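**Q** Next comes work.pdb, PDB, C-alpha atoms, pLDDT in the B column:
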ATOM      1  CA  VAL A  16      59.076  54.510-239.902  1.00 86.00           C
ATOM      2  CA  GLU A  17      60.139  56.936-237.196  1.00 89.00           C
ATOM      3  CA  ASP A  18      62.065  60.188-237.038  1.00 92.00           C
ATOM      4  CA  PHE A  19      65.335  60.279-235.125  1.00 93.00           C
ATOM      5  CA  TYR A  20      68.063  62.784-234.392  1.00 95.00           C
ATOM      6  CA  ASP A  21      70.491  60.680-232.371  1.00 95.00           C
ATOM      7  CA  LEU A  22      71.968  57.182-232.470  1.00 95.00           C
ATOM      8  CA  SER A  23      73.667  55.204-229.711  1.00 95.00           C
ATOM      9  CA  LEU A  24      76.609  53.342-231.204  1.00 96.00           C
ATOM     10  CA  ASN A  25      78.529  50.418-229.750  1.00 95.00           C
ATOM     11  CA  VAL A  26      82.197  51.044-229.051  1.00 95.00           C
ATOM     12  CA  ARG A  27      83.272  47.561-227.959  1.00 94.00           C
ATOM     13  CA  GLY A  28      84.242  45.400-230.921  1.00 95.00           C
ATOM     14  CA  CYS A  29      84.265  48.304-233.402  1.00 96.00           C
ATOM     15  CA  ARG A  30      87.272  50.271-234.629  1.00 96.00           C
ATOM     16  CA  ASP A  31      85.365  53.382-235.764  1.00 96.00           C
ATOM     17  CA  VAL A  32      82.000  55.068-236.373  1.00 95.00           C
ATOM     18  CA  GLU A  33      81.607  53.497-239.814  1.00 95.00           C
ATOM     19  CA  GLU A  34      82.073  49.937-238.504  1.00 96.00           C
ATOM     20  CA  SER A  35      79.659  50.574-235.626  1.00 96.00           C
ATOM     21  CA  LEU A  36      77.050  52.002-238.031  1.00 95.00           C
ATOM     22  CA  GLY A  37      77.528  48.924-240.231  1.00 94.00           C
ATOM     23  CA  LYS A  38      76.719  46.683-237.272  1.00 95.00           C
ATOM     24  CA  TYR A  39      73.745  48.917-236.396  1.00 94.00           C
ATOM     25  CA  VAL A  40      72.102  48.232-239.767  1.00 92.00           C
ATOM     26  CA  GLU A  41      73.307  44.624-240.066  1.00 93.00           C
ATOM     27  CA  LYS A  42      70.467  42.149-240.626  1.00 92.00           C
ATOM     28  CA  GLU A  43      69.962  39.210-238.281  1.00 93.00           C
ATOM     29  CA  MET A  44      68.679  35.956-239.747  1.00 94.00           C
ATOM     30  CA  LEU A  45      65.836  34.362-237.812  1.00 93.00           C
ATOM     31  CA  ASP A  46      66.016  30.680-238.720  1.00 93.00           C
ATOM     32  CA  GLY A  47      66.477  27.259-237.149  1.00 92.00           C
ATOM     33  CA  ASP A  48      65.474  27.402-233.472  1.00 92.00           C
ATOM     34  CA  ASN A  49      65.117  31.177-233.773  1.00 92.00           C
ATOM     35  CA  LYS A  50      62.391  31.346-236.452  1.00 93.00           C
ATOM     36  CA  TYR A  51      59.854  34.163-236.517  1.00 93.00           C
ATOM     37  CA  MET A  52      56.283  33.315-235.469  1.00 92.00           C
ATOM     38  CA  ALA A  53      53.994  34.848-238.099  1.00 92.00           C
ATOM     39  CA  GLU A  54      50.388  34.803-236.946  1.00 93.00           C
ATOM     40  CA  GLY A  55      48.365  32.491-239.178  1.00 94.00           C
ATOM     41  CA  HIS A  56      51.498  31.201-240.935  1.00 94.00           C
ATOM     42  CA  GLY A  57      53.468  29.529-238.131  1.00 92.00           C
ATOM     43  CA  LEU A  58      57.254  29.648-237.821  1.00 93.00           C
ATOM     44  CA  GLN A  59      59.010  31.356-240.724  1.00 93.00           C
ATOM     45  CA  ASP A  60      62.583  32.142-241.705  1.00 93.00           C
ATOM     46  CA  ALA A  61      62.980  35.923-241.620  1.00 93.00           C
ATOM     47  CA  GLU A  62      65.416  38.815-241.585  1.00 92.00           C
ATOM     48  CA  LYS A  63      65.359  41.258-238.663  1.00 93.00           C
ATOM     49  CA  GLY A  64      67.015  44.631-238.570  1.00 90.00           C
ATOM     50  CA  CYS A  65      66.679  48.326-239.189  1.00 90.00           C
ATOM     51  CA  MET A  66      67.559  50.567-242.076  1.00 87.00           C
ATOM     52  CA  PHE A  67      67.679  54.290-242.591  1.00 90.00           C
ATOM     53  CA  GLU A  68      65.410  55.754-245.245  1.00 89.00           C
ATOM     54  CA  THR A  69      66.899  59.172-244.572  1.00 88.00           C
ATOM     55  CA  ILE A  70      69.331  60.691-242.112  1.00 90.00           C
ATOM     56  CA  PRO A  71      68.530  64.035-240.432  1.00 93.00           C
ATOM     57  CA  PRO A  72      70.545  67.131-241.362  1.00 92.00           C
ATOM     58  CA  VAL A  73      72.037  67.255-237.835  1.00 93.00           C
ATOM     59  CA  LEU A  74      72.874  63.879-236.318  1.00 94.00           C
ATOM     60  CA  HIS A  75      74.011  63.304-232.727  1.00 95.00           C
ATOM     61  CA  LEU A  76      76.132  60.189-232.232  1.00 95.00           C
ATOM     62  CA  HIS A  77      76.308  58.826-228.692  1.00 94.00           C
ATOM     63  CA  LEU A  78      79.172  56.413-228.135  1.00 94.00           C
ATOM     64  CA  LYS A  79      78.226  53.722-225.638  1.00 94.00           C
ATOM     65  CA  ARG A  80      81.289  53.995-223.412  1.00 92.00           C
ATOM     66  CA  PHE A  81      79.498  52.509-220.402  1.00 92.00           C
ATOM     67  CA  GLU A  82      78.072  48.987-220.356  1.00 92.00           C
ATOM     68  CA  TYR A  83      77.034  46.259-217.971  1.00 93.00           C
ATOM     69  CA  ASP A  84      79.601  43.514-217.290  1.00 92.00           C
ATOM     70  CA  PRO A  85      77.776  40.363-216.100  1.00 95.00           C
ATOM     71  CA  LEU A  86      81.003  38.795-214.759  1.00 95.00           C
ATOM     72  CA  ARG A  87      81.550  41.743-212.415  1.00 93.00           C
ATOM     73  CA  ASP A  88      77.826  42.350-211.957  1.00 95.00           C
ATOM     74  CA  ALA A  89      78.583  46.032-212.457  1.00 92.00           C
ATOM     75  CA  ASN A  90      78.690  48.770-215.063  1.00 92.00           C
ATOM     76  CA  VAL A  91      82.136  49.443-216.526  1.00 92.00           C
ATOM     77  CA  LYS A  92      83.633  52.104-218.765  1.00 92.00           C
ATOM     78  CA  VAL A  93      84.777  50.949-222.212  1.00 93.00           C
ATOM     79  CA  ASN A  94      88.128  52.623-222.906  1.00 91.00           C
ATOM     80  CA  ASP A  95      88.721  50.863-226.242  1.00 93.00           C
ATOM     81  CA  ARG A  96      90.177  52.913-229.087  1.00 93.00           C
ATOM     82  CA  PHE A  97      87.330  54.149-231.300  1.00 94.00           C
ATOM     83  CA  GLU A  98      88.004  56.452-234.234  1.00 94.00           C
ATOM     84  CA  PHE A  99      85.844  59.212-235.662  1.00 92.00           C
ATOM     85  CA  HIS A 100      86.738  61.651-238.383  1.00 91.00           C
ATOM     86  CA  GLU A 101      86.199  65.328-239.188  1.00 92.00           C
ATOM     87  CA  GLU A 102      84.139  64.331-242.219  1.00 93.00           C
ATOM     88  CA  MET A 103      82.087  61.200-242.823  1.00 93.00           C
ATOM     89  CA  ASP A 104      80.008  59.945-245.774  1.00 92.00           C
ATOM     90  CA  LEU A 105      76.883  58.227-244.416  1.00 92.00           C
ATOM     91  CA  SER A 106      75.359  57.411-247.818  1.00 90.00           C
ATOM     92  CA  PRO A 107      76.378  53.691-247.605  1.00 89.00           C
ATOM     93  CA  PHE A 108      74.116  53.304-244.551  1.00 89.00           C
ATOM     94  CA  VAL A 109      70.887  54.483-246.188  1.00 89.00           C
ATOM     95  CA  GLY A 110      68.475  51.652-247.101  1.00 77.00           C
ATOM     96  CA  GLN A 111      68.228  51.830-250.874  1.00 75.00           C
ATOM     97  CA  GLY A 112      71.695  53.308-251.078  1.00 69.00           C
ATOM     98  CA  ALA A 113      72.147  57.012-251.604  1.00 78.00           C
ATOM     99  CA  PRO A 114      74.666  58.016-254.285  1.00 83.00           C
ATOM    100  CA  PRO A 115      78.176  58.138-252.741  1.00 81.00           C
ATOM    101  CA  GLY A 116      79.097  61.547-251.386  1.00 81.00           C
ATOM    102  CA  THR A 117      75.519  62.809-251.049  1.00 85.00           C
ATOM    103  CA  LEU A 118      75.324  62.446-247.263  1.00 91.00           C
ATOM    104  CA  VAL A 119      78.624  63.920-246.091  1.00 93.00           C
ATOM    105  CA  TYR A 120      78.570  65.036-242.451  1.00 94.00           C
ATOM    106  CA  LYS A 121      81.090  67.299-240.749  1.00 94.00           C
ATOM    107  CA  LEU A 122      82.044  66.916-237.114  1.00 94.00           C
ATOM    108  CA  HIS A 123      80.860  69.894-235.086  1.00 95.00           C
ATOM    109  CA  SER A 124      81.613  68.909-231.490  1.00 95.00           C
ATOM    110  CA  VAL A 125      83.018  66.209-229.234  1.00 95.00           C
ATOM    111  CA  LEU A 126      81.930  65.557-225.637  1.00 94.00           C
ATOM    112  CA  VAL A 127      84.632  63.878-223.551  1.00 93.00           C
ATOM    113  CA  HIS A 128      84.385  62.016-220.233  1.00 90.00           C
ATOM    114  CA  SER A 129      87.611  61.627-218.280  1.00 90.00           C
ATOM    115  CA  GLY A 130      87.461  59.304-215.329  1.00 88.00           C
ATOM    116  CA  ASP A 131      85.805  55.995-214.606  1.00 85.00           C
ATOM    117  CA  MET A 132      82.361  54.601-213.893  1.00 82.00           C
ATOM    118  CA  HIS A 133      82.177  56.074-210.399  1.00 85.00           C
ATOM    119  CA  GLY A 134      83.425  59.556-211.058  1.00 88.00           C
ATOM    120  CA  GLY A 135      84.920  61.844-213.576  1.00 90.00           C
ATOM    121  CA  HIS A 136      84.561  65.046-215.462  1.00 94.00           C
ATOM    122  CA  TYR A 137      82.972  66.109-218.745  1.00 94.00           C
ATOM    123  CA  PHE A 138      84.334  68.739-221.113  1.00 96.00           C
ATOM    124  CA  SER A 139      83.723  69.459-224.764  1.00 97.00           C
ATOM    125  CA  PHE A 140      85.374  70.567-227.967  1.00 97.00           C
ATOM    126  CA  VAL A 141      83.344  72.669-230.418  1.00 97.00           C
ATOM    127  CA  ARG A 142      84.106  73.800-233.945  1.00 96.00           C
ATOM    128  CA  PRO A 143      81.724  76.739-234.557  1.00 94.00           C
ATOM    129  CA  ASP A 144      82.392  76.798-238.303  1.00 91.00           C
ATOM    130  CA  CYS A 145      82.345  73.222-239.595  1.00 88.00           C
ATOM    131  CA  ASN A 146      84.409  74.287-242.607  1.00 84.00           C
ATOM    132  CA  GLY A 147      87.278  75.653-240.527  1.00 84.00           C
ATOM    133  CA  ASP A 148      90.028  74.302-238.305  1.00 87.00           C
ATOM    134  CA  ASP A 149      89.212  76.495-235.294  1.00 94.00           C
ATOM    135  CA  TRP A 150      88.285  74.327-232.321  1.00 96.00           C
ATOM    136  CA  PHE A 151      87.527  75.502-228.801  1.00 97.00           C
ATOM    137  CA  LYS A 152      87.702  73.536-225.567  1.00 97.00           C
ATOM    138  CA  PHE A 153      84.930  74.202-223.046  1.00 97.00           C
ATOM    139  CA  ASN A 154      86.013  73.025-219.591  1.00 97.00           C
ATOM    140  CA  ASP A 155      83.692  74.355-216.890  1.00 95.00           C
ATOM    141  CA  GLU A 156      84.125  78.138-216.897  1.00 95.00           C
ATOM    142  CA  THR A 157      87.300  78.037-219.014  1.00 97.00           C
ATOM    143  CA  VAL A 158      87.190  78.330-222.797  1.00 97.00           C
ATOM    144  CA  SER A 159      90.436  77.946-224.736  1.00 97.00           C
ATOM    145  CA  ARG A 160      91.581  77.405-228.298  1.00 97.00           C
ATOM    146  CA  ALA A 161      92.252  73.798-229.298  1.00 96.00           C
ATOM    147  CA  THR A 162      93.678  71.976-232.292  1.00 94.00           C
ATOM    148  CA  PRO A 163      91.895  69.348-234.391  1.00 93.00           C
ATOM    149  CA  GLU A 164      94.293  66.829-232.822  1.00 93.00           C
ATOM    150  CA  ASP A 165      93.169  67.861-229.327  1.00 94.00           C
ATOM    151  CA  ALA A 166      89.514  67.458-230.272  1.00 94.00           C
ATOM    152  CA  ILE A 167      89.693  64.335-232.415  1.00 92.00           C
ATOM    153  CA  THR A 168      92.919  62.324-232.373  1.00 90.00           C
ATOM    154  CA  CYS A 169      93.451  62.600-228.616  1.00 89.00           C
ATOM    155  CA  ASN A 170      89.928  61.314-227.924  1.00 85.00           C
ATOM    156  CA  PHE A 171      89.921  58.011-229.782  1.00 81.00           C
TER
END
Do you think you could lay out the structure here as structure tokens?
**A**
Amino acid sequence: VEDFYDLSLNVRGCRDVEESLGKYVEKEMLDGDNKYMAEGHGLQDAEKGCMFETIPPVLHLHLKRFEYDPLRDANVKVNDRFEFHEEMDLSPFVGQGAPPGTLVYKLHSVLVHSGDMHGGHYFSFVRPDCNGDDWFKFNDETVSRATPEDAITCNF
């Protein structure tokens, strides 16, 4: 058991945060040639994986937009479409299953990278009041009003 406040989620092969979280907690079967060596008991079939007992009140999700490509022998940016929503129920991802609707999270901010692996620029969108529709874009020294579409839909 360990405390956490952030998760790194795969983008490639996932359509949205929920699917990526599902893969994060998916169990892997260790059987056949991949059995688990249990000291004093030899090779055993087993399940390997992680589960959340609880989720912190503030959760940072890092989308893994950069990954190593062995064919190119280089890091590349993953520009695949990946959806996230203003509100998300994370109760299905808690180990023993929290009652639906008990772990609803609201999107507070979005950090955006424009560019490629070798250069680019970061800017962010922040919603100070998670119950409102007022978003602000922070781009270096410039702060401007933004729409939910600017912050969310345009950054899939």
**Q** Given the PyMOL selection byres ((chain A and resi 80) around 12) and the file above, list the residues it selects as a PyMOL selection string.
**A** chain A and resi 23-29+76-79+81-83+90-97+126-132+171
**Q** Near stretch 61-69 of chain A, counting all atoms listed in the file, which residues have an atom at most 7 Å away, once you skip same-chain residues fewer than 3 positions from it, shown as a tab-separated table (two decimals) with C-alpha atoms, in the coordinates of the input?
**A**
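Final output, saved to out-v1.tsv:
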chain	number	residue	atom	x	y	z
A	40	VAL	CA	72.10	48.23	-239.77
A	41	GLU	CA	73.31	44.62	-240.07
A	42	LYS	CA	70.47	42.15	-240.63
A	43	GLU	CA	69.96	39.21	-238.28
A	44	MET	CA	68.68	35.96	-239.75
A	45	LEU	CA	65.84	34.36	-237.81
A	46	ASP	CA	66.02	30.68	-238.72
A	50	LYS	CA	62.39	31.35	-236.45
A	51	TYR	CA	59.85	34.16	-236.52
A	108	PHE	CA	74.12	53.30	-244.55
A	109	VAL	CA	70.89	54.48	-246.19
A	110	GLY	CA	68.47	51.65	-247.10
**Q** Which of these residues is nearest to A:Val32, using only C-alpha atoms: A:Glu102, A:Trp150, A:Ser139, A:Asp18?
**A**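 Among the listed residues, the smallest separation from A:Val32 belongs to A:Glu102.
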**Q** Between atom CA of A:Arg87 and atom CA of A:Lys38, measure the distance and give it in Å to one decimal.
**A**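 Going from atom CA of A:Arg87 over to atom CA of A:Lys38 covers 25.8 Å.
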**Q** Take atom CA of A:Ala113 and atom CA of A:Asn146 and report the distance between them in Å, one decimal.
**A**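 It comes out at 23.0 Å.
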**Q** For A:Asn154, which residue out of A:Ala89, A:Ala53, A:Met103, A:Val141 is the nearest one, using only C-alpha atoms?
**A**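 Going through A:Ala89, A:Ala53, A:Met103, A:Val141 one by one, the smallest distance to A:Asn154 is for A:Val141.
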**Q** Please, what distance in Å, to one decimal, runs between atom CA of A:Glu33 and atom CA of A:Asp60?
**A**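 Taking atom CA of A:Glu33 as the start and atom CA of A:Asp60 as the end point, the length is 28.7 Å.
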**Q** Find the spatial neighbours of A:Ser106, counting only C-alpha atoms, within a cut-off of 9 Å - ignore same-chain residues fewer than 6 positions away - and output them as a PyMOL selection string.
**A** chain A and resi 70+112-119
**Q** Decode the PyMOL selection byres ((chain A and resi 124) around 10) for the given file into explicit residues and return them as an MDAnalysis selection string.
**A** chainID A and resid 75 101 121:123 125:127 139:143 145 150:152 166:167
**Q** Draw an axis-aligned box tight on the listed atoms of stretch 73-78 of chain A, then pad every side by 4 Å and write out centre and edge lengths in Å to one decimal as JSON.
**A**
{"center_x": 75.6, "center_y": 61.8, "center_z": -233.0, "size_x": 15.1, "size_y": 18.8, "size_z": 17.7}
**Q** Between A:Tyr39, A:Tyr120, A:Asp155, A:Gly55, single out the one closest to A:Phe99, counting all atoms listed in the file.
**A**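 The shortest atom-to-atom distance to A:Phe99 comes from A:Tyr120.
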